[in-house]
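In what follows, a single structure is set out as structure tokens and then discussed.
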Amino acid sequence: MTDDDQSQPLGTNHPPVKCSESPHRPLKIAKLSDEDDEPEAVENRTMGQNPRTFQRYLVAIEYIGTRFSGAQQQTPNCRTVVGVLQNAFHKFVGQPVPIFCSSRTDAGVHALSNVCHVDVERISKRKPGEVLPPHEPSVVKKAVNHFLQKHEGDITIIDVRCVAPDFHARYKAQERTYFYRIISGPEHISTFEKDRAWHVPEDLDLSTMQKACKVLVGLHDFSSFRASGCQAKSPIRNLDELNVIEVFPSPYFPSAKEREIQNSMCSESEGQSCNFDKNKVDRSTFEASPGFGMRKRHRCFVVTARARSFLYHQVRFLVGAIKSVGTGDLTVSDVERILEAKTVTANGPMAPACGLYLAHVKYDLP
């Protein structure tokens, strides 16, 4: 994905747009990428084989990135995803364990599923030095989650699997998918959405944003969509998927009109299933006045980016350009011009970290 081994430069041509301030910011801003390393690096790096007494586990985790200074371990006063996970595993197994993540997300970036690998040696507590058979994955998941939830509770293990000693969470990844959430509307962003999406006060044109996505899909030189400090050997990347759709804002609760529609559908279905399809966005529910004490809904858009690898900050630069097309500040032709310019100075600001979610990391698993 990106060159995420490197540190982020102290300055870039275009600083990110800031999200709303939070009283629970990390102590230090992470100087790491929000995307991932180049696949060609796999050929030149050791896979880090572990001794036979260790069991390597592949661990999928979800987390809210707001209070983390990024995923990768940093200085002691920085709260990181890897640091918190290492502490929980240490309490479980009684000794330090190294953890390697598939994707090193930046401060404020969330994960629906980031993946790490960890080597665990099960030592008998009654007979120190005696090596016992490895724990079952379900035991690892339950035990480590117990320690994770005793603190902030903003990170959870969602899956665990035993893998071969040379399986590397980062270099064996075949594909990553990112989601980016944009909330559109003049109303102040909901407390429930704070630091979970990029709030854009202007109305967004979905059709033009979708046209801009089509320009960017495929194999291109993405020099205009990477940070100035990117050290990737090549700016050429194959973007397998880039699209934007409109969805209901989260958390979703049905309005009186939607409940009325569902009740009507159930009455006509004569005992058959009558689930209301909340994925079919009805604009009237956003435009109608909800009445006193009821918040008017924002519009919510999700940008999906999928590829084997991304350049440094590429996803956030892509979203920044797509949003500008949606507001009318850029045209689809402007996006073509920016792509062809092959320099980040031709682009505008990148989107803030708060709306970015690592959604899925794909592997070839048995």
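Within each chain, counting starts at residue 1; across the structure tokens, chains are named A, B, ... in the order shown, with ligands numbered 1 upward in that order.
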
inquiry  = Set the distance at 9 Å and use only C-alpha atoms: which residues neighbour segment 81-83 of chain A once local chain neighbours fewer than 6 positions away are removed? I'd like the list as a PyMOL selection string.
reply    = chain A and resi 63+65+68-74+98-101+116+155

key: Within 12 Å of Lys141 of chain A using only C-alpha atoms, minus same-chain residues under 5 positions, as a list in words   = Tyr57, Leu58, Val59, Ala60, Ile61, Leu85, Ala88, Phe89, Phe92, His135, Glu136, His146, Phe147, Leu148, Gln149, Thr156, Ile157, Ile158, Asp159, Val160, Arg161 and Cys162 of chain A

inquiry  = At a cut-off of 6 Å, using only C-alpha atoms, what residues contact segment 331-345 of chain A? Leave out same-chain residues fewer than 6 positions from it and give the result as a PyMOL selection string.
reply    = chain A and resi 212+223-225+325

request  = Give the strand (DSSP E or B) residues of segment 18-252 of chain A, as assigned by DSSP on the backbone, as a PyMOL selection string.
outcome  = chain A and resi 55-63+99-101+110-120+123+131+155-163+175-184+198-200+218-221+236-247

Write out as a PDB file with all heavy atoms, in the first residue's frame the residues lying within 8 Å of segment 322-324 of chain A, counting only C-alpha atoms and excluding same-chain residues fewer than 4 positions away.
```
ATOM      1  N   LEU A 204     -23.465  18.066  -1.660  1.00  0.00           N
ATOM      2  CA  LEU A 204     -22.584  17.357  -2.576  1.00  0.00           C
ATOM      3  C   LEU A 204     -23.386  16.729  -3.705  1.00  0.00           C
ATOM      4  O   LEU A 204     -24.451  16.160  -3.481  1.00  0.00           O
ATOM      5  CB  LEU A 204     -21.814  16.263  -1.834  1.00  0.00           C
ATOM      6  CG  LEU A 204     -20.848  16.732  -0.732  1.00  0.00           C
ATOM      7  CD1 LEU A 204     -20.232  15.535  -0.015  1.00  0.00           C
ATOM      8  CD2 LEU A 204     -19.749  17.607  -1.318  1.00  0.00           C
ATOM      9  N   MET A 209     -19.474  13.318  -8.543  1.00  0.00           N
ATOM     10  CA  MET A 209     -18.433  12.625  -7.790  1.00  0.00           C
ATOM     11  C   MET A 209     -18.192  11.231  -8.358  1.00  0.00           C
ATOM     12  O   MET A 209     -17.054  10.770  -8.437  1.00  0.00           O
ATOM     13  CB  MET A 209     -18.814  12.546  -6.310  1.00  0.00           C
ATOM     14  CG  MET A 209     -18.767  13.872  -5.580  1.00  0.00           C
ATOM     15  SD  MET A 209     -18.837  13.731  -3.767  1.00  0.00           S
ATOM     16  CE  MET A 209     -20.478  13.054  -3.543  1.00  0.00           C
ATOM     17  N   ALA A 212     -16.079  11.512 -11.403  1.00  0.00           N
ATOM     18  CA  ALA A 212     -14.671  11.754 -11.063  1.00  0.00           C
ATOM     19  C   ALA A 212     -13.978  10.460 -10.662  1.00  0.00           C
ATOM     20  O   ALA A 212     -12.809  10.240 -10.988  1.00  0.00           O
ATOM     21  CB  ALA A 212     -14.584  12.775  -9.933  1.00  0.00           C
ATOM     22  N   CYS A 213     -14.698   9.597  -9.970  1.00  0.00           N
ATOM     23  CA  CYS A 213     -14.130   8.297  -9.570  1.00  0.00           C
ATOM     24  C   CYS A 213     -13.724   7.480 -10.788  1.00  0.00           C
ATOM     25  O   CYS A 213     -12.674   6.826 -10.801  1.00  0.00           O
ATOM     26  CB  CYS A 213     -15.132   7.518  -8.724  1.00  0.00           C
ATOM     27  SG  CYS A 213     -15.386   8.164  -7.059  1.00  0.00           S
ATOM     28  N   LEU A 318      -7.205  11.402  -2.812  1.00  0.00           N
ATOM     29  CA  LEU A 318      -8.284  11.046  -3.729  1.00  0.00           C
ATOM     30  C   LEU A 318      -9.621  11.564  -3.227  1.00  0.00           C
ATOM     31  O   LEU A 318     -10.396  12.178  -3.982  1.00  0.00           O
ATOM     32  CB  LEU A 318      -8.356   9.518  -3.889  1.00  0.00           C
ATOM     33  CG  LEU A 318      -7.209   8.838  -4.641  1.00  0.00           C
ATOM     34  CD1 LEU A 318      -7.279   7.327  -4.460  1.00  0.00           C
ATOM     35  CD2 LEU A 318      -7.230   9.202  -6.127  1.00  0.00           C
ATOM     36  N   GLY A 328     -18.483  21.461  -6.359  1.00  0.00           N
ATOM     37  CA  GLY A 328     -18.411  22.335  -7.528  1.00  0.00           C
ATOM     38  C   GLY A 328     -17.137  23.150  -7.602  1.00  0.00           C
ATOM     39  O   GLY A 328     -16.954  23.942  -8.525  1.00  0.00           O
ATOM     40  N   ASP A 329     -16.228  22.954  -6.633  1.00  0.00           N
ATOM     41  CA  ASP A 329     -14.960  23.687  -6.671  1.00  0.00           C
ATOM     42  C   ASP A 329     -14.042  23.157  -7.764  1.00  0.00           C
ATOM     43  O   ASP A 329     -13.156  23.875  -8.239  1.00  0.00           O
ATOM     44  CB  ASP A 329     -14.257  23.588  -5.311  1.00  0.00           C
ATOM     45  CG  ASP A 329     -15.029  24.290  -4.201  1.00  0.00           C
ATOM     46  OD1 ASP A 329     -15.634  25.339  -4.489  1.00  0.00           O
ATOM     47  OD2 ASP A 329     -15.033  23.788  -3.066  1.00  0.00           O
ATOM     48  N   LEU A 330     -14.229  21.897  -8.138  1.00  0.00           N
ATOM     49  CA  LEU A 330     -13.494  21.300  -9.244  1.00  0.00           C
ATOM     50  C   LEU A 330     -14.482  20.648 -10.201  1.00  0.00           C
ATOM     51  O   LEU A 330     -15.595  20.276  -9.802  1.00  0.00           O
ATOM     52  CB  LEU A 330     -12.511  20.236  -8.754  1.00  0.00           C
ATOM     53  CG  LEU A 330     -11.299  20.668  -7.925  1.00  0.00           C
ATOM     54  CD1 LEU A 330     -10.498  19.433  -7.501  1.00  0.00           C
ATOM     55  CD2 LEU A 330     -10.399  21.634  -8.697  1.00  0.00           C
TER      56      LEU A 330
END
```

Residue nearest Phe167 of chain A among A:Val303, A:Leu216, A:Ile64, A:Val118 (counting only C-alpha atoms) = A:Val118

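Neighbours of Leu219 of chain A closer than or equal to 8 Å, with only C-alpha atoms counted and sequence neighbours fewer than 5 positions away skipped, come out as Ile236, Arg237, Asn238 and Leu239 of chain A.
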
Keeping N, CA, C and O atoms, export the residues of the selection given above as a JSON list (two decimals), in the first residue's frame.
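Below you can see again.json, which holds the result:
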```json
[["chain", "number", "residue", "atom", "x", "y", "z"],
["A", 236, "ILE", "N", 3.37, 4.59, -9.85],
["A", 236, "ILE", "CA", 2.38, 3.84, -10.62],
["A", 236, "ILE", "C", 1.63, 2.90, -9.68],
["A", 236, "ILE", "O", 2.23, 2.10, -8.98],
["A", 237, "ARG", "N", 0.32, 3.01, -9.71],
["A", 237, "ARG", "CA", -0.52, 2.14, -8.89],
["A", 237, "ARG", "C", -1.76, 1.74, -9.70],
["A", 237, "ARG", "O", -2.24, 2.51, -10.55],
["A", 238, "ASN", "N", -2.26, 0.55, -9.41],
["A", 238, "ASN", "CA", -3.48, 0.08, -10.06],
["A", 238, "ASN", "C", -4.63, 0.17, -9.06],
["A", 238, "ASN", "O", -4.69, -0.62, -8.10],
["A", 239, "LEU", "N", -5.50, 1.12, -9.24],
["A", 239, "LEU", "CA", -6.65, 1.32, -8.35],
["A", 239, "LEU", "C", -7.78, 0.44, -8.88],
["A", 239, "LEU", "O", -8.43, 0.75, -9.87]]
```

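Closest to Arg176 of chain A among A:Val115, A:Phe317, A:Val140, A:Ser264 is A:Val115, based on only C-alpha atoms.
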